[in-house]
Amino acid sequence: MERLPALRERNIVLIGFMGSGKSTIGSLLSKKLYRDFIDVDTYIEEQQGMSIPDIFRKKGEETFREIEKEATVHLSEKERLKILALGGGAYGQPEIREVCMKYGIVILLNLSWETWKERLPDIQGNRPVLQNKTLEEMEALFYERKRIYALNTLQIDTDGKSEEEAADEIVHLLKLGWDWYPTHMPDERSSR
């Protein structure tokens, strides 16, 4: 029987729409919790020897999603005590959701459509999924993914908060959970 990691040993997995702050907040959490930070998109770029936009252009989105799934499953199963930031579309894959829930603590960085639109000029250029999309198409994608992100995740709202405040809120939530749940269950025989 496979032994799943104790709550404190699990990876912390950040999900959310592109531009929600996963990389920045993940880096802050890394310092606050003394854990290594792995941005899965950066990991993929290093493994593939090319940028995400180049992978999309040369190999297509379907191939990228397969590479993304393999990388996320590998990191989730092999790594412990890490902070992982997934790409914006990764959690849409059932296999990725399953492995992240099994081996990690999944936290959604939730933001409103209005806040995301304000960030659009800063992120649009290097996001292949947004290329040639109208604002209405982007909004449909935003809400489609938001429904998927909400499946079995902890959530923090990031609207009106700095990245530092969001990271502090995550640390607080994690400490509450770690204090609430024991690292191991007591032996029934010892309680008699």
# chains A, B, ... in the order shown; residues from 1 in each chain; ligands from 1
$ select_by_dssp --residues "chain A" --states "helix (DSSP H, G or I)" --output "number ranges by chain"
A: 7-9, 22-33, 40-48, 52-59, 61-78, 90-92, 94-103, 113-126, 128-130, 135-149, 163-180, 188-191
$ residues_around --residues "Leu174 of chain A" --least-positions-apart "6" --cutoff "12 Å" --atoms "only C-alpha atoms" --output "list in words"
Leu7, Arg8, Glu9, Arg10, Asn11, Ile12, Val13, Leu29, Lys32, Leu33, Gly104, Ile105, Val106, Ile107, Leu154, Gln155, Ile156, Ala167, Asp168, Trp180 and Tyr181 of chain A
$ residues_around --residues "Glu61 of chain A" --least-positions-apart "3" --cutoff "12 Å" --atoms "only C-alpha atoms" --output "ChimeraX atom specification"
/A:52-58,64-68,89-90,127-129
$ write_last_selection --atoms "N, CA and C atoms" --output "PDB file, in the first residue's frame"
ATOM      1  N   ILE A  52       7.971  28.570 -23.505  1.00  0.00           N
ATOM      2  CA  ILE A  52       6.593  28.075 -23.673  1.00  0.00           C
ATOM      3  C   ILE A  52       5.999  28.573 -24.992  1.00  0.00           C
ATOM      4  N   PRO A  53       6.125  29.882 -25.322  1.00  0.00           N
ATOM      5  CA  PRO A  53       5.601  30.309 -26.631  1.00  0.00           C
ATOM      6  C   PRO A  53       6.214  29.539 -27.803  1.00  0.00           C
ATOM      7  N   ASP A  54       7.516  29.222 -27.718  1.00  0.00           N
ATOM      8  CA  ASP A  54       8.153  28.445 -28.794  1.00  0.00           C
ATOM      9  C   ASP A  54       7.610  27.017 -28.844  1.00  0.00           C
ATOM     10  N   ILE A  55       7.359  26.419 -27.685  1.00  0.00           N
ATOM     11  CA  ILE A  55       6.777  25.067 -27.669  1.00  0.00           C
ATOM     12  C   ILE A  55       5.413  25.094 -28.340  1.00  0.00           C
ATOM     13  N   PHE A  56       4.590  26.087 -27.997  1.00  0.00           N
ATOM     14  CA  PHE A  56       3.268  26.221 -28.625  1.00  0.00           C
ATOM     15  C   PHE A  56       3.411  26.365 -30.131  1.00  0.00           C
ATOM     16  N   ARG A  57       4.339  27.231 -30.550  1.00  0.00           N
ATOM     17  CA  ARG A  57       4.498  27.522 -31.976  1.00  0.00           C
ATOM     18  C   ARG A  57       5.041  26.321 -32.747  1.00  0.00           C
ATOM     19  N   LYS A  58       6.031  25.640 -32.191  1.00  0.00           N
ATOM     20  CA  LYS A  58       6.703  24.559 -32.917  1.00  0.00           C
ATOM     21  C   LYS A  58       6.043  23.195 -32.744  1.00  0.00           C
ATOM     22  N   PHE A  64       2.174  20.517 -25.953  1.00  0.00           N
ATOM     23  CA  PHE A  64       2.558  21.224 -24.729  1.00  0.00           C
ATOM     24  C   PHE A  64       1.796  20.680 -23.527  1.00  0.00           C
ATOM     25  N   ARG A  65       0.487  20.449 -23.673  1.00  0.00           N
ATOM     26  CA  ARG A  65      -0.319  19.958 -22.542  1.00  0.00           C
ATOM     27  C   ARG A  65       0.162  18.574 -22.091  1.00  0.00           C
ATOM     28  N   GLU A  66       0.600  17.751 -23.020  1.00  0.00           N
ATOM     29  CA  GLU A  66       1.139  16.435 -22.658  1.00  0.00           C
ATOM     30  C   GLU A  66       2.459  16.590 -21.889  1.00  0.00           C
ATOM     31  N   ILE A  67       3.322  17.471 -22.366  1.00  0.00           N
ATOM     32  CA  ILE A  67       4.589  17.746 -21.672  1.00  0.00           C
ATOM     33  C   ILE A  67       4.301  18.298 -20.274  1.00  0.00           C
ATOM     34  N   GLU A  68       3.346  19.201 -20.194  1.00  0.00           N
ATOM     35  CA  GLU A  68       2.951  19.815 -18.918  1.00  0.00           C
ATOM     36  C   GLU A  68       2.441  18.760 -17.942  1.00  0.00           C
ATOM     37  N   GLY A  89      -3.338  26.898 -17.382  1.00  0.00           N
ATOM     38  CA  GLY A  89      -4.241  25.889 -17.932  1.00  0.00           C
ATOM     39  C   GLY A  89      -4.025  24.486 -17.404  1.00  0.00           C
ATOM     40  N   ALA A  90      -2.990  24.285 -16.600  1.00  0.00           N
ATOM     41  CA  ALA A  90      -2.623  22.930 -16.165  1.00  0.00           C
ATOM     42  C   ALA A  90      -3.723  22.239 -15.372  1.00  0.00           C
ATOM     43  N   ARG A 127       1.868  35.207 -23.528  1.00  0.00           N
ATOM     44  CA  ARG A 127       0.919  34.130 -23.206  1.00  0.00           C
ATOM     45  C   ARG A 127       0.301  33.606 -24.501  1.00  0.00           C
ATOM     46  N   PRO A 128       0.770  32.459 -24.989  1.00  0.00           N
ATOM     47  CA  PRO A 128       0.281  31.942 -26.271  1.00  0.00           C
ATOM     48  C   PRO A 128      -1.225  31.718 -26.306  1.00  0.00           C
ATOM     49  N   VAL A 129      -1.813  31.351 -25.184  1.00  0.00           N
ATOM     50  CA  VAL A 129      -3.252  31.062 -25.151  1.00  0.00           C
ATOM     51  C   VAL A 129      -4.069  32.325 -25.417  1.00  0.00           C
TER      52      VAL A 129
END
$ atom_distance --atom1 "atom CA of Asp36 of chain A" --atom2 "atom CA of Leu81 of chain A"
7.5 Å
$ closest_residue --among "A:Ala140, A:Leu84, A:Leu130, A:Leu135" --to "Arg35 of chain A" --atoms "only C-alpha atoms"
A:Leu84
$ residues_around --residues "Glu2 of chain A" --least-positions-apart "6" --cutoff "12 Å" --atoms "only C-alpha atoms" --output "list in words"
Glu77, Lys102 and Tyr103 of chain A
$ write_last_selection --atoms "N, CA and C atoms" --output "PDB file, in the first residue's frame"
ATOM      1  N   GLU A  77       4.858  13.534  -7.782  1.00  0.00           N
ATOM      2  CA  GLU A  77       5.137  12.213  -7.216  1.00  0.00           C
ATOM      3  C   GLU A  77       6.534  12.112  -6.605  1.00  0.00           C
ATOM      4  N   LYS A 102      -3.619  14.521  -4.526  1.00  0.00           N
ATOM      5  CA  LYS A 102      -3.108  13.347  -3.818  1.00  0.00           C
ATOM      6  C   LYS A 102      -1.829  13.658  -3.041  1.00  0.00           C
ATOM      7  N   TYR A 103      -0.930  14.417  -3.642  1.00  0.00           N
ATOM      8  CA  TYR A 103       0.386  14.650  -3.053  1.00  0.00           C
ATOM      9  C   TYR A 103       0.612  16.077  -2.552  1.00  0.00           C
TER      10      TYR A 103
END
$ select_by_dssp --residues "segment 76-171 of chain A" --states "strand (DSSP E or B)" --output "list in words"
Lys82, Ile83, Leu84, Ala85, Gly104, Ile105, Val106, Ile107, Leu108, Leu109, Asn110, Leu154, Gln155, Ile156 and Asp157 of chain A
$ residues_around --residues "Val99 of chain A" --least-positions-apart "5" --cutoff "10 Å" --atoms "only C-alpha atoms" --output "short mmCIF file (atom, residue, chain, number, x, y, z; two decimals) with C-alpha atoms, in the first residue's frame"
data_model
loop_
_atom_site.label_atom_id
_atom_site.label_comp_id
_atom_site.auth_asym_id
_atom_site.auth_seq_id
_atom_site.Cartn_x
_atom_site.Cartn_y
_atom_site.Cartn_z
CA LYS A 69 1.09 16.76 -17.60
CA THR A 72 3.56 18.00 -13.16
CA VAL A 73 2.97 14.32 -12.42
CA HIS A 74 6.73 13.74 -12.11
CA LEU A 75 7.25 16.71 -9.76
CA SER A 76 4.17 15.85 -7.68
CA GLU A 77 5.14 12.21 -7.22
CA PRO A 94 -7.97 15.71 -14.75
CA GLY A 104 -0.11 18.34 -2.40
#
$ residues_around --residues "Ile15 of chain A" --least-positions-apart "2" --cutoff "7 Å" --atoms "only C-alpha atoms" --output "PyMOL selection string"
chain A and resi 13+22+85-86+88+107-109
$ closest_residue --among "A:Ala71, A:Glu98, A:Phe17, A:Lys161" --to "Tyr43 of chain A" --atoms "only C-alpha atoms"
A:Ala71
$ decode --residues "segment 60-80 of chain A" --atoms "N, CA and C atoms" --output "PDB file, in the first residue's frame"
ATOM      1  N   GLY A  60       2.775  22.789 -30.897  1.00  0.00           N
ATOM      2  CA  GLY A  60       1.326  22.873 -30.737  1.00  0.00           C
ATOM      3  C   GLY A  60       0.887  22.761 -29.279  1.00  0.00           C
ATOM      4  N   GLU A  61      -0.327  23.243 -29.023  1.00  0.00           N
ATOM      5  CA  GLU A  61      -0.837  23.241 -27.651  1.00  0.00           C
ATOM      6  C   GLU A  61      -1.045  21.825 -27.123  1.00  0.00           C
ATOM      7  N   GLU A  62      -1.519  20.921 -27.975  1.00  0.00           N
ATOM      8  CA  GLU A  62      -1.773  19.548 -27.515  1.00  0.00           C
ATOM      9  C   GLU A  62      -0.486  18.891 -26.999  1.00  0.00           C
ATOM     10  N   THR A  63       0.606  19.049 -27.732  1.00  0.00           N
ATOM     11  CA  THR A  63       1.890  18.494 -27.290  1.00  0.00           C
ATOM     12  C   THR A  63       2.358  19.183 -26.016  1.00  0.00           C
ATOM     13  N   PHE A  64       2.174  20.517 -25.953  1.00  0.00           N
ATOM     14  CA  PHE A  64       2.558  21.224 -24.729  1.00  0.00           C
ATOM     15  C   PHE A  64       1.796  20.680 -23.527  1.00  0.00           C
ATOM     16  N   ARG A  65       0.487  20.449 -23.673  1.00  0.00           N
ATOM     17  CA  ARG A  65      -0.319  19.958 -22.542  1.00  0.00           C
ATOM     18  C   ARG A  65       0.162  18.574 -22.091  1.00  0.00           C
ATOM     19  N   GLU A  66       0.600  17.751 -23.020  1.00  0.00           N
ATOM     20  CA  GLU A  66       1.139  16.435 -22.658  1.00  0.00           C
ATOM     21  C   GLU A  66       2.459  16.590 -21.889  1.00  0.00           C
ATOM     22  N   ILE A  67       3.322  17.471 -22.366  1.00  0.00           N
ATOM     23  CA  ILE A  67       4.589  17.746 -21.672  1.00  0.00           C
ATOM     24  C   ILE A  67       4.301  18.298 -20.274  1.00  0.00           C
ATOM     25  N   GLU A  68       3.346  19.201 -20.194  1.00  0.00           N
ATOM     26  CA  GLU A  68       2.951  19.815 -18.918  1.00  0.00           C
ATOM     27  C   GLU A  68       2.441  18.760 -17.942  1.00  0.00           C
ATOM     28  N   LYS A  69       1.626  17.830 -18.456  1.00  0.00           N
ATOM     29  CA  LYS A  69       1.094  16.763 -17.601  1.00  0.00           C
ATOM     30  C   LYS A  69       2.224  15.885 -17.080  1.00  0.00           C
ATOM     31  N   GLU A  70       3.121  15.459 -17.960  1.00  0.00           N
ATOM     32  CA  GLU A  70       4.239  14.601 -17.545  1.00  0.00           C
ATOM     33  C   GLU A  70       5.111  15.295 -16.503  1.00  0.00           C
ATOM     34  N   ALA A  71       5.402  16.570 -16.713  1.00  0.00           N
ATOM     35  CA  ALA A  71       6.247  17.320 -15.773  1.00  0.00           C
ATOM     36  C   ALA A  71       5.562  17.462 -14.416  1.00  0.00           C
ATOM     37  N   THR A  72       4.280  17.796 -14.420  1.00  0.00           N
ATOM     38  CA  THR A  72       3.555  18.003 -13.164  1.00  0.00           C
ATOM     39  C   THR A  72       3.404  16.703 -12.396  1.00  0.00           C
ATOM     40  N   VAL A  73       3.091  15.622 -13.087  1.00  0.00           N
ATOM     41  CA  VAL A  73       2.971  14.317 -12.424  1.00  0.00           C
ATOM     42  C   VAL A  73       4.323  13.925 -11.830  1.00  0.00           C
ATOM     43  N   HIS A  74       5.389  14.080 -12.599  1.00  0.00           N
ATOM     44  CA  HIS A  74       6.733  13.742 -12.109  1.00  0.00           C
ATOM     45  C   HIS A  74       7.074  14.547 -10.855  1.00  0.00           C
ATOM     46  N   LEU A  75       6.904  15.859 -10.912  1.00  0.00           N
ATOM     47  CA  LEU A  75       7.246  16.706  -9.765  1.00  0.00           C
ATOM     48  C   LEU A  75       6.373  16.391  -8.556  1.00  0.00           C
ATOM     49  N   SER A  76       5.098  16.135  -8.790  1.00  0.00           N
ATOM     50  CA  SER A  76       4.173  15.851  -7.685  1.00  0.00           C
ATOM     51  C   SER A  76       4.505  14.536  -6.999  1.00  0.00           C
ATOM     52  N   GLU A  77       4.858  13.534  -7.782  1.00  0.00           N
ATOM     53  CA  GLU A  77       5.137  12.213  -7.216  1.00  0.00           C
ATOM     54  C   GLU A  77       6.534  12.112  -6.605  1.00  0.00           C
ATOM     55  N   LYS A  78       7.496  12.841  -7.146  1.00  0.00           N
ATOM     56  CA  LYS A  78       8.896  12.666  -6.728  1.00  0.00           C
ATOM     57  C   LYS A  78       9.379  13.703  -5.718  1.00  0.00           C
ATOM     58  N   GLU A  79       8.794  14.867  -5.703  1.00  0.00           N
ATOM     59  CA  GLU A  79       9.279  15.944  -4.841  1.00  0.00           C
ATOM     60  C   GLU A  79       8.434  16.050  -3.575  1.00  0.00           C
ATOM     61  N   ARG A  80       9.054  16.490  -2.491  1.00  0.00           N
ATOM     62  CA  ARG A  80       8.360  16.755  -1.228  1.00  0.00           C
ATOM     63  C   ARG A  80       8.831  18.104  -0.703  1.00  0.00           C
TER      64      ARG A  80
END
